[in-house]
Amino acid sequence: MITLQINGLEVAVEEGTTLLEAARFLGFPIPTLCHMDGLSPYGACRLCVVEIGEGPRAKLVSSCTYPAQDGLKVRTASSRVVRARKMVLELLLASCPQSKTIQDLASAHNVHRQRFRQEYEDCILCGLCVRMCEEQMMAKAIGFRGRGQTRSIGTPFDIKSEECRLCGGCMYVCPACQLRCTYTEPEKAVCGGCANVSPPCVEKEQFDDMMCYMTPCVACEIEK
Amino acid sequence: MEKLRSIEDFKALQGRLVADRDPSIPTIVIPAGTCGQASGANDLIRVAKRELLDRGLADSIHLRITGCHGFCEAEPSVLIEPTGTFYPKVGIEQMARIVEAVAEDKVLDDLLFIDPATGRAVEKQCDVPFFKSQIRTILARNEKVDPIRIFNYIENGGYSALVKTLANRDPRWIIEEVKASALRGRGGAGFPTGVKWEYLAKQRNGQGKFLVCNADEGDPGAYMDRSVLEGNPHSIIEGMLIGAYATGANEGVAYVRNEYPLAIKHLLIALRQSRGFGLLGEDILGTGFTFDIKLVRGAGAFVCGEETALMRSIEGKMGEPRQRPPFPVEKGINGKPTAINNVETWANIPLIFRVGSKEFAKLGTKGNTGTKIFSLVGKIKNTGLVEVPMGITVGDVVYEIGGGPVGKAKIKAVQTGGPSGGCIPAERFDLPIDYDSLAEAGSIMGSGGMIVMDEKTCMVDVAKYFMNFLKYESCGKCFTCRKGTQRMHEILEDISKGKGTPEHLELLEELAQVVKDTTMCGLGQTASNPVLSTLHYFRDEYEEHIRRKKCRAFVCKELVGAPCEAACPLDTEAWRYVAHIARGRYEDAYQVIREANPFPSVCGRVCSHPCESQCRSATGGKQAIAIRALKRFVTDRVEPSVYQAKRAPGTNGNGTKVAIIGAGPAGLAAAHYLSLAGYKPTVFEADDRPGGMLVSGIPSFRLPREMLGKEIEAILADGVSLRCNAALGRDFTVDSLFDDGFKAVFLGTGAHKSRRLGLKGEDCEGVIPSMRFLKAFNLRGEQLAHGRVAVIGGGNSAIDAARVAVRQDDVESVTVLYRRTRDEMPAFEEEIEAALVEGIELQILVSPVGIRTDGASVSGITVIRNRLGDRGADGRRRPVPIPGTETDLPFETVIVAISEDPDTSSIVDASSQPLEMRVNGTLRADPVTLMTSRPGVFAGGDLVTGPNTVVDAIAAGKKAALMIDRWLRGEELEQPSIARLPDIYVEPVLLSEEELAKADRVPVPVIPAESRKQSVSEVELSLSVEDATREARRCLRCDLEFTQPKEGETARPATVGGTA
């Protein structure tokens, strides 16, 4: 067993436990986007950063990938952590303002504006779909291509993959391209998966539930 | 070749090789690394081979082809052993002569390196300044070894270190030695190599361990790893073998980027050779030790230099970093323990065992031992690879080894560590180069790139460049690194395009900090460094881009527009009038000149022409357009009446009275533009005539009085009243002006008080302050100088005084004495040149220390010789007196022209409300609004800046007029700036290829030097029509990028009056 301190509380965990698991075990909330139980940790979204170490050696690490170590002192909501998370959310809002998942997270962290040039992208490259496809569906139909600014996810050469069984697992796990915020016009909801207006997979009666319920709505505020 | 089966076999071979070698045989060494080959080393080699064969010298002269020696600036070069003679930049036609000279044991003096500091030829390589201050423990071996001949390496002591460690049979001893040497990883992070090895050695050896040589050198402008691999691949192999023996590793990988074909080739040959000799592979030298190295080519991703990404790349996966821990020494390639070291680290290992760890640790400083190779590139005289001991200062590398800036430019900063590093400003050049000091200064050691930047480098542009690099080279896994670098680039681009706001800066800093904080690998954590360090040291440049919409380095296109216009304090559209001259439309040209400047003829003669120093024609070995001469050409040909001043139709001023004090260029310009705006300016002048420094300071042979008089006359005739012989403090005060109904006051009284030397005897007869001397001659025609004349100083007034003195009747000789060298003289280069032509002598590096008198008058001065010492904050080297070099020089007249100060005592006393002064004796005025500490009182010109140029004074007057207008109308004085971009299209004249090839700056015609001394008539003459047209057509027309109409668009009319 490994003993470490999280926000001053001591906790003993098994070797191989990540800081995220340890913190959640103690009930400390840590927001995540690219993490999902059952998929291997990846550390792409950087939302789950926590502060470890002390003094000048203190640093932020992604809790989903960092292994618990004996005697480690972890802070899950220090001012440095909060500042970083807010900036991450601001960057996310600047790129994918219509993702409900991101809106909820931003709203929960009191981020109501973003100061960058507004983009409307569909993907935050969290890699959940890639891992889902590989680790749970054993298909490896999609993967990352390119690096930096030109990085993207897709099938090899962008042609229909024979490995793909159209299971939909990739869409199921996606935090950005699921049902998108349509502001106050639910009938315009577009399903990220099939790109259908009024998607057939959603019952007509449920359209009302897709109505924007956030007050204030982050995307609407940005729209203004 | 037979495999070597034991250590004894190897020693026997080495002994044989050494015994066979005759070091007295002359050897021609030609460096042919990638850099050498690119500059033509292969041709040299071919010629040298043929010459040696043709002359039958193949046995008596050896030829060795090696890797890069480091002095890339001098490539292709030739080194002769054993004499050490060094020939830089050798052409193929000179190679035959060199072979002949070597055969005859001669030195070709005309081909030797010329030291730019002394102008003397340097024969031996070790005496060349570039090499002299280096300690080349690693690079010097490149000279000795032909990289594709293992015999060469062995004969020079190669693999002896391996044999030593194998013979010792104790891996722990090796690790202890490396730890004792305190070698730190040369890849940039500086982790102690011995400690890393110790970790690896402790790992259980289940399925094997890996050693990796990281040669994925991707920093722009850094290529030391390439040089070592190309020039001495066996040293890397030897280093890795020692490491493997110490740590128990059995597999080695050299990860070389595919962009280094020569390095890959040489390394592959070296691997094959050492395997063939039994130095690599199974049972090495019969000791039972097994280790092999395979070469993996990197596909060119910068991030693969990061160790975890590198390992994934070796595994054949996407180059993407992963979380550490677990560290590679625990879980590396394919899950096996792995230690990764940089090329340079590996190259240091054999050295440690050759000289011993104690000896090795003597170099450098405590905790930072040994040497480090830097690739010194950028705006510097000597570019190349330099190897220096750790702890040497940045300044030593830049100035001593690098030879300082190119030309008269001033070095601003050095970027270390490439895109992950930061910049170090010139003020901090005393910083020692070691891992910790650089990190503390906000940069990193990195792999050793060192990019030198001068004042023509824009720091915002630098940050933008690196961010552009990183946004493509980030792997893209961490959201903050991928998006953060894109967003930082976006913000920087906005700023450089003039769209920046103060909020941009705030956001940039916040983002940079978060990117640094939240990313996983070294790339992301250091990606913000270029932004953060430039923001830290050059925040004023960012703010200038945002608030003033100015780029002081003239780099950011959208802020600069046409550089000639941006450089002009008066915003004169030089490109536009030059374009008109090219088309022969001189009246249009005059309109453009006159609109911006009420003194066109004056500026056509004596302007300091900042436009020419920024002219883009002056790049690539060509010269700037002679803009000033062209301006004069126009003013000589066009009647001033062509220009009708545009008065604001609603006349803002309504005849409000404004007082201008001082009828110099600043005061007259202010009066002129106030009059145009409808005010009633009155100019008060203490002297008996207007003109200020233009009439009293500048001699008539530079500025003819008739022409000057006309221009002043024209200004006065246009609604400006003048009151001469009215001095502030004596005849009126600032308060009395306000009492008399003046609503605003502009102070432009200039700087007329010559600074004193502070020596005894300065008040005796014959010692004359330069201003008194010039005024006496220029205003009253009095000749104060006689006999032998000394002028002390190196500024424009010193040169003016000297040129006036040489024209006086009783003068025998004129000598200008300056304390530094000619390069540091603040006077305009063309004036110095003219003075020398007129027979004025220039003595440099001397300072007066005493004045000798003969009764009441001066008989000479005592001077002391100086040498150039350290560099001051302005980058100029300080003069340091050499004790015991005092000499007496006889002079009958001594003119003191070391600088001028404004006479501010009368001004301060003349105001009941305080007027603030600066410590240097000038009046304090807001740089933007020109307002002094007393509301309603504005000031400009030399009074505020100290002695300065005519054009700056006119600009200050023009700006003051604008500010006074705003002030009197109750407007905000400081208004948002917008970048001035060219917006009027003038059709260019197309040149034929021959015309283009021939085009070179026209010389300005002058009257012959012999006839000058007898007269005070103007020295420079006007250009001929042909010359002017040719010169104007040479203009590159930077404006067209902004003004050229797109297809289907109609251009704005080209002429002011619309009469195209």
# chains A, B, ... in the order shown; residues from 1 in each chain; ligands from 1
$ interface_residues --of "chain A" --to "chain B" --cutoff "8 Å" --atoms "only C-alpha atoms" --output "PyMOL selection string"
chain A and resi 43-46+49+59-62+65-67+83-84+87-88+91+115-116+124-126+147-151
$ write_last_selection --atoms "N, CA and C atoms" --output "PDB file, in the first residue's frame"
ATOM      1  N   GLY A  43      -4.212  11.589 -20.542  1.00  0.00           N
ATOM      2  CA  GLY A  43      -3.619  12.867 -20.114  1.00  0.00           C
ATOM      3  C   GLY A  43      -3.607  13.931 -21.180  1.00  0.00           C
ATOM      4  N   ALA A  44      -4.645  14.003 -21.993  1.00  0.00           N
ATOM      5  CA  ALA A  44      -4.643  14.966 -23.091  1.00  0.00           C
ATOM      6  C   ALA A  44      -5.326  16.277 -22.748  1.00  0.00           C
ATOM      7  N   CYS A  45      -6.406  16.234 -21.968  1.00  0.00           N
ATOM      8  CA  CYS A  45      -7.207  17.455 -21.837  1.00  0.00           C
ATOM      9  C   CYS A  45      -6.652  18.424 -20.804  1.00  0.00           C
ATOM     10  N   ARG A  46      -5.858  17.942 -19.892  1.00  0.00           N
ATOM     11  CA  ARG A  46      -5.193  18.751 -18.862  1.00  0.00           C
ATOM     12  C   ARG A  46      -6.160  19.417 -17.894  1.00  0.00           C
ATOM     13  N   VAL A  49      -5.581  18.573 -13.882  1.00  0.00           N
ATOM     14  CA  VAL A  49      -4.300  18.867 -13.234  1.00  0.00           C
ATOM     15  C   VAL A  49      -4.462  19.089 -11.734  1.00  0.00           C
ATOM     16  N   LYS A  59       4.664  21.531  -8.730  1.00  0.00           N
ATOM     17  CA  LYS A  59       4.330  21.582 -10.144  1.00  0.00           C
ATOM     18  C   LYS A  59       2.952  20.980 -10.360  1.00  0.00           C
ATOM     19  N   LEU A  60       2.406  21.269 -11.529  1.00  0.00           N
ATOM     20  CA  LEU A  60       1.115  20.711 -11.875  1.00  0.00           C
ATOM     21  C   LEU A  60       1.324  19.452 -12.706  1.00  0.00           C
ATOM     22  N   VAL A  61       0.546  18.411 -12.385  1.00  0.00           N
ATOM     23  CA  VAL A  61       0.591  17.201 -13.207  1.00  0.00           C
ATOM     24  C   VAL A  61      -0.842  16.759 -13.463  1.00  0.00           C
ATOM     25  N   SER A  62      -1.017  15.988 -14.516  1.00  0.00           N
ATOM     26  CA  SER A  62      -2.364  15.488 -14.782  1.00  0.00           C
ATOM     27  C   SER A  62      -2.631  14.311 -13.851  1.00  0.00           C
ATOM     28  N   THR A  65      -2.986  10.523 -15.066  1.00  0.00           N
ATOM     29  CA  THR A  65      -1.859   9.697 -15.490  1.00  0.00           C
ATOM     30  C   THR A  65      -0.793   9.553 -14.418  1.00  0.00           C
ATOM     31  N   TYR A  66      -0.844  10.379 -13.392  1.00  0.00           N
ATOM     32  CA  TYR A  66       0.266  10.380 -12.438  1.00  0.00           C
ATOM     33  C   TYR A  66       0.061   9.305 -11.386  1.00  0.00           C
ATOM     34  N   PRO A  67       1.021   8.413 -11.228  1.00  0.00           N
ATOM     35  CA  PRO A  67       0.836   7.335 -10.241  1.00  0.00           C
ATOM     36  C   PRO A  67       1.013   7.853  -8.808  1.00  0.00           C
ATOM     37  N   ARG A  83      -6.568  28.349 -11.445  1.00  0.00           N
ATOM     38  CA  ARG A  83      -6.245  29.281 -12.527  1.00  0.00           C
ATOM     39  C   ARG A  83      -5.995  28.515 -13.839  1.00  0.00           C
ATOM     40  N   ALA A  84      -5.264  27.416 -13.700  1.00  0.00           N
ATOM     41  CA  ALA A  84      -4.959  26.627 -14.889  1.00  0.00           C
ATOM     42  C   ALA A  84      -6.232  26.028 -15.478  1.00  0.00           C
ATOM     43  N   MET A  87      -8.263  28.514 -17.361  1.00  0.00           N
ATOM     44  CA  MET A  87      -7.699  28.843 -18.679  1.00  0.00           C
ATOM     45  C   MET A  87      -7.946  27.709 -19.665  1.00  0.00           C
ATOM     46  N   VAL A  88      -7.842  26.461 -19.178  1.00  0.00           N
ATOM     47  CA  VAL A  88      -8.120  25.322 -20.057  1.00  0.00           C
ATOM     48  C   VAL A  88      -9.568  25.400 -20.542  1.00  0.00           C
ATOM     49  N   LEU A  91      -9.984  28.077 -23.101  1.00  0.00           N
ATOM     50  CA  LEU A  91      -9.479  27.639 -24.407  1.00  0.00           C
ATOM     51  C   LEU A  91     -10.462  26.674 -25.060  1.00  0.00           C
ATOM     52  N   ARG A 115     -11.640  34.920 -24.222  1.00  0.00           N
ATOM     53  CA  ARG A 115     -11.085  36.151 -24.808  1.00  0.00           C
ATOM     54  C   ARG A 115     -10.345  35.921 -26.114  1.00  0.00           C
ATOM     55  N   PHE A 116     -10.430  34.683 -26.630  1.00  0.00           N
ATOM     56  CA  PHE A 116      -9.709  34.405 -27.870  1.00  0.00           C
ATOM     57  C   PHE A 116     -10.617  34.591 -29.074  1.00  0.00           C
ATOM     58  N   ILE A 124     -12.052  18.026 -29.790  1.00  0.00           N
ATOM     59  CA  ILE A 124     -10.999  18.565 -28.937  1.00  0.00           C
ATOM     60  C   ILE A 124      -9.824  17.596 -28.861  1.00  0.00           C
ATOM     61  N   LEU A 125      -9.844  16.567 -29.663  1.00  0.00           N
ATOM     62  CA  LEU A 125      -8.755  15.587 -29.749  1.00  0.00           C
ATOM     63  C   LEU A 125      -8.425  14.967 -28.396  1.00  0.00           C
ATOM     64  N   CYS A 126      -9.483  14.666 -27.621  1.00  0.00           N
ATOM     65  CA  CYS A 126      -9.239  14.053 -26.315  1.00  0.00           C
ATOM     66  C   CYS A 126      -8.830  12.595 -26.461  1.00  0.00           C
ATOM     67  N   ARG A 147       0.558  16.128 -36.404  1.00  0.00           N
ATOM     68  CA  ARG A 147       0.935  16.634 -35.101  1.00  0.00           C
ATOM     69  C   ARG A 147       0.669  18.126 -35.048  1.00  0.00           C
ATOM     70  N   GLY A 148       0.681  18.630 -33.823  1.00  0.00           N
ATOM     71  CA  GLY A 148       0.490  20.070 -33.644  1.00  0.00           C
ATOM     72  C   GLY A 148      -0.829  20.529 -34.203  1.00  0.00           C
ATOM     73  N   GLN A 149      -0.740  21.631 -34.940  1.00  0.00           N
ATOM     74  CA  GLN A 149      -1.929  22.264 -35.460  1.00  0.00           C
ATOM     75  C   GLN A 149      -2.710  21.354 -36.414  1.00  0.00           C
ATOM     76  N   THR A 150      -2.008  20.431 -37.076  1.00  0.00           N
ATOM     77  CA  THR A 150      -2.680  19.638 -38.098  1.00  0.00           C
ATOM     78  C   THR A 150      -3.101  18.267 -37.580  1.00  0.00           C
ATOM     79  N   ARG A 151      -3.050  18.074 -36.278  1.00  0.00           N
ATOM     80  CA  ARG A 151      -3.424  16.773 -35.719  1.00  0.00           C
ATOM     81  C   ARG A 151      -4.929  16.557 -35.885  1.00  0.00           C
TER      82      ARG A 151
END
$ residues_around --residues "region 74-80 of chain A" --least-positions-apart "6" --cutoff "10 Å" --atoms "only C-alpha atoms" --output "JSON, numbers by chain"
{"A": [4, 5, 6, 7, 8, 9, 19, 20, 23, 28, 29, 30, 48, 49, 50, 51, 52, 53, 54, 58, 59, 60, 61, 63, 68], "B": [514, 517]}
$ atom_distance --atom1 "CA of Ser274 (chain B)" --atom2 "CA of Glu315 (chain B)"
25.4 Å
$ residues_around --residues "Ile581 (chain B)" --least-positions-apart "3" --cutoff "10 Å" --atoms "only C-alpha atoms" --output "VMD selection string"
chain B and resid 575 to 578 584 to 590 630 to 631 633 to 634 1025 1028 to 1033
$ residues_around --residues "region 599-613 of chain B" --least-positions-apart "2" --cutoff "8 Å" --atoms "only C-alpha atoms" --output "ChimeraX atom specification"
/B:563-568,574,593-594,597,615,618,624-633,635-636,702-703,707-708,711,828,949-951
$ write_last_selection --atoms "N, CA and C atoms" --output "mmCIF file, in the first residue's frame"
data_model
loop_
_atom_site.group_PDB
_atom_site.id
_atom_site.type_symbol
_atom_site.label_atom_id
_atom_site.label_comp_id
_atom_site.auth_asym_id
_atom_site.auth_seq_id
_atom_site.Cartn_x
_atom_site.Cartn_y
_atom_site.Cartn_z
ATOM 1 N N PRO B 563 9.595 51.459 -45.041
ATOM 2 C CA PRO B 563 10.522 51.804 -43.949
ATOM 3 C C PRO B 563 11.025 53.239 -44.001
ATOM 4 N N CYS B 564 11.195 53.798 -45.211
ATOM 5 C CA CYS B 564 11.718 55.165 -45.279
ATOM 6 C C CYS B 564 10.731 56.137 -44.628
ATOM 7 N N GLU B 565 9.455 55.883 -44.863
ATOM 8 C CA GLU B 565 8.441 56.763 -44.275
ATOM 9 C C GLU B 565 8.367 56.546 -42.767
ATOM 10 N N ALA B 566 8.417 55.281 -42.365
ATOM 11 C CA ALA B 566 8.314 54.978 -40.942
ATOM 12 C C ALA B 566 9.507 55.521 -40.179
ATOM 13 N N ALA B 567 10.673 55.587 -40.838
ATOM 14 C CA ALA B 567 11.875 56.040 -40.138
ATOM 15 C C ALA B 567 11.905 57.550 -40.002
ATOM 16 N N CYS B 568 11.177 58.252 -40.846
ATOM 17 C CA CYS B 568 11.263 59.719 -40.842
ATOM 18 C C CYS B 568 10.475 60.282 -39.674
ATOM 19 N N ALA B 574 8.869 59.353 -48.319
ATOM 20 C CA ALA B 574 10.033 59.376 -49.207
ATOM 21 C C ALA B 574 9.797 58.515 -50.444
ATOM 22 N N ILE B 593 7.113 66.494 -50.505
ATOM 23 C CA ILE B 593 8.156 66.855 -49.541
ATOM 24 C C ILE B 593 7.687 68.001 -48.657
ATOM 25 N N ARG B 594 7.126 69.011 -49.312
ATOM 26 C CA ARG B 594 6.805 70.241 -48.601
ATOM 27 C C ARG B 594 5.640 70.051 -47.629
ATOM 28 N N ASN B 597 7.074 68.869 -44.456
ATOM 29 C CA ASN B 597 8.267 69.496 -43.907
ATOM 30 C C ASN B 597 8.395 70.944 -44.395
ATOM 31 N N CYS B 615 16.574 51.875 -45.379
ATOM 32 C CA CYS B 615 16.196 51.554 -46.753
ATOM 33 C C CYS B 615 16.445 50.079 -47.063
ATOM 34 N N ALA B 618 19.323 48.635 -49.180
ATOM 35 C CA ALA B 618 20.662 48.479 -48.607
ATOM 36 C C ALA B 618 20.910 47.065 -48.113
ATOM 37 N N ALA B 624 21.840 51.946 -49.877
ATOM 38 C CA ALA B 624 20.546 52.614 -49.766
ATOM 39 C C ALA B 624 20.373 53.629 -50.893
ATOM 40 N N ILE B 625 19.123 53.930 -51.208
ATOM 41 C CA ILE B 625 18.836 54.983 -52.169
ATOM 42 C C ILE B 625 19.303 56.315 -51.573
ATOM 43 N N ALA B 626 19.888 57.161 -52.385
ATOM 44 C CA ALA B 626 20.365 58.468 -51.892
ATOM 45 C C ALA B 626 19.161 59.407 -51.751
ATOM 46 N N ILE B 627 18.346 59.152 -50.745
ATOM 47 C CA ILE B 627 17.076 59.874 -50.617
ATOM 48 C C ILE B 627 17.315 61.365 -50.378
ATOM 49 N N ARG B 628 18.294 61.676 -49.518
ATOM 50 C CA ARG B 628 18.527 63.083 -49.220
ATOM 51 C C ARG B 628 18.966 63.838 -50.464
ATOM 52 N N ALA B 629 19.862 63.239 -51.234
ATOM 53 C CA ALA B 629 20.329 63.912 -52.442
ATOM 54 C C ALA B 629 19.178 64.108 -53.415
ATOM 55 N N LEU B 630 18.257 63.141 -53.462
ATOM 56 C CA LEU B 630 17.105 63.275 -54.346
ATOM 57 C C LEU B 630 16.185 64.397 -53.885
ATOM 58 N N LYS B 631 16.055 64.515 -52.573
ATOM 59 C CA LYS B 631 15.223 65.594 -52.033
ATOM 60 C C LYS B 631 15.823 66.937 -52.437
ATOM 61 N N ARG B 632 17.120 67.050 -52.283
ATOM 62 C CA ARG B 632 17.774 68.300 -52.645
ATOM 63 C C ARG B 632 17.620 68.560 -54.141
ATOM 64 N N PHE B 633 17.741 67.515 -54.929
ATOM 65 C CA PHE B 633 17.599 67.630 -56.382
ATOM 66 C C PHE B 633 16.264 68.292 -56.719
ATOM 67 N N THR B 635 14.290 70.122 -54.602
ATOM 68 C CA THR B 635 14.144 71.486 -54.076
ATOM 69 C C THR B 635 14.975 72.480 -54.889
ATOM 70 N N ASP B 636 16.044 71.995 -55.520
ATOM 71 C CA ASP B 636 16.848 72.885 -56.361
ATOM 72 C C ASP B 636 16.127 73.242 -57.659
ATOM 73 N N ARG B 702 27.809 73.912 -45.696
ATOM 74 C CA ARG B 702 26.874 72.788 -45.694
ATOM 75 C C ARG B 702 25.457 73.281 -45.957
ATOM 76 N N LEU B 703 25.191 74.518 -45.536
ATOM 77 C CA LEU B 703 23.836 75.034 -45.623
ATOM 78 C C LEU B 703 23.901 76.495 -46.069
ATOM 79 N N MET B 707 19.619 80.358 -49.323
ATOM 80 C CA MET B 707 18.555 79.371 -49.417
ATOM 81 C C MET B 707 17.828 79.236 -48.085
ATOM 82 N N LEU B 708 18.632 79.213 -47.002
ATOM 83 C CA LEU B 708 18.047 79.090 -45.664
ATOM 84 C C LEU B 708 17.149 80.291 -45.379
ATOM 85 N N GLU B 711 13.799 80.121 -46.986
ATOM 86 C CA GLU B 711 12.871 79.168 -46.381
ATOM 87 C C GLU B 711 12.286 79.733 -45.079
ATOM 88 N N PHE B 828 28.193 62.156 -38.380
ATOM 89 C CA PHE B 828 27.760 61.439 -39.582
ATOM 90 C C PHE B 828 28.978 61.012 -40.385
ATOM 91 N N THR B 949 19.386 65.973 -33.954
ATOM 92 C CA THR B 949 19.394 66.294 -35.376
ATOM 93 C C THR B 949 18.358 67.360 -35.718
ATOM 94 N N VAL B 950 18.538 67.965 -36.896
ATOM 95 C CA VAL B 950 17.615 68.993 -37.369
ATOM 96 C C VAL B 950 16.227 68.398 -37.561
ATOM 97 N N VAL B 951 16.195 67.213 -38.165
ATOM 98 C CA VAL B 951 14.896 66.641 -38.500
ATOM 99 C C VAL B 951 14.096 66.316 -37.238
#
$ atom_distance --atom1 "CA of Lys646 (chain B)" --atom2 "CA of Val986 (chain B)"
22.0 Å
$ closest_residue --among "B:His234, B:His536, B:Lys336, B:Lys106" --to "Leu505 (chain B)" --atoms "only C-alpha atoms"
B:His536
$ closest_residue --among "A:Gln114, A:Cys123, A:Ala12, A:Cys164" --to "Ser99 (chain A)" --atoms "only C-alpha atoms"
A:Cys123
$ atom_distance --atom1 "CA of Tyr435 (chain B)" --atom2 "CA of Met390 (chain B)"
8.9 Å
$ residues_around --residues "region 188-204 of chain B" --least-positions-apart "4" --cutoff "6 Å" --atoms "only C-alpha atoms" --output "PyMOL selection string"
chain B and resi 175+178-179+183-184+247+329+445-447
$ residues_around --residues "region 666-677 of chain B" --least-positions-apart "2" --cutoff "9 Å" --atoms "only C-alpha atoms" --output "VMD selection string"
chain B and resid 597 to 599 645 to 655 658 to 664 679 to 683 690 to 692 712 715 to 716 718 to 721 746 to 750 940 to 942 950 to 962 964 to 965
$ write_last_selection --atoms "C-alpha atoms" --output "CSV table (one decimal), in the first residue's frame"
chain,number,residue,atom,x,y,z
B,597,ASN,CA,8.3,69.5,-43.9
B,598,PRO,CA,8.5,73.3,-43.9
B,599,PHE,CA,12.3,73.1,-44.4
B,645,ALA,CA,-0.4,75.5,-47.8
B,646,LYS,CA,-3.6,73.9,-47.0
B,647,ARG,CA,-5.4,75.8,-44.3
B,648,ALA,CA,-8.1,74.0,-42.3
B,649,PRO,CA,-11.3,75.4,-43.6
B,650,GLY,CA,-13.0,75.9,-40.2
B,651,THR,CA,-9.8,77.4,-38.7
B,652,ASN,CA,-9.6,75.8,-35.3
B,653,GLY,CA,-7.4,78.5,-33.9
B,654,ASN,CA,-9.7,81.6,-34.4
B,655,GLY,CA,-6.7,83.7,-34.0
B,658,VAL,CA,0.5,81.3,-28.9
B,659,ALA,CA,4.0,82.2,-27.9
B,660,ILE,CA,7.0,80.3,-29.4
B,661,ILE,CA,10.3,80.9,-27.7
B,662,GLY,CA,13.3,80.2,-29.9
B,663,ALA,CA,13.3,80.7,-33.7
B,664,GLY,CA,15.2,77.5,-34.4
B,679,TYR,CA,-3.6,80.4,-34.5
B,680,LYS,CA,-1.6,83.6,-34.2
B,681,PRO,CA,1.9,82.5,-33.2
B,682,THR,CA,4.6,85.0,-32.1
B,683,VAL,CA,8.2,83.8,-32.2
B,690,PRO,CA,15.9,83.8,-36.7
B,691,GLY,CA,17.3,80.3,-37.5
B,692,GLY,CA,18.7,79.1,-34.3
B,712,ILE,CA,12.6,81.0,-43.0
B,715,ILE,CA,7.4,80.6,-43.0
B,716,LEU,CA,7.4,84.1,-41.4
B,718,ASP,CA,2.7,83.1,-43.6
B,719,GLY,CA,1.0,84.5,-40.5
B,720,VAL,CA,3.9,84.2,-38.1
B,721,SER,CA,5.2,87.3,-36.2
B,746,PHE,CA,6.2,76.5,-26.7
B,747,LEU,CA,9.8,76.4,-25.5
B,748,GLY,CA,12.4,75.6,-28.2
B,749,THR,CA,15.5,77.4,-27.0
B,750,GLY,CA,17.9,74.6,-28.0
B,940,GLY,CA,10.7,70.3,-27.8
B,941,GLY,CA,14.0,70.1,-29.7
B,942,ASP,CA,17.5,70.1,-28.3
B,950,VAL,CA,17.6,69.0,-37.4
B,951,VAL,CA,14.9,66.6,-38.5
B,952,ASP,CA,14.1,65.6,-34.9
B,953,ALA,CA,13.8,69.3,-34.0
B,954,ILE,CA,11.4,70.0,-36.9
B,955,ALA,CA,9.4,67.0,-36.0
B,956,ALA,CA,9.2,68.1,-32.3
B,957,GLY,CA,7.9,71.5,-33.5
B,958,LYS,CA,5.3,69.9,-35.8
B,959,LYS,CA,4.1,67.6,-33.1
B,960,ALA,CA,4.0,70.5,-30.6
B,961,ALA,CA,1.7,72.4,-32.9
B,962,LEU,CA,-0.7,69.4,-33.0
B,964,ILE,CA,-1.1,72.8,-28.6
B,965,ASP,CA,-4.1,72.7,-30.9
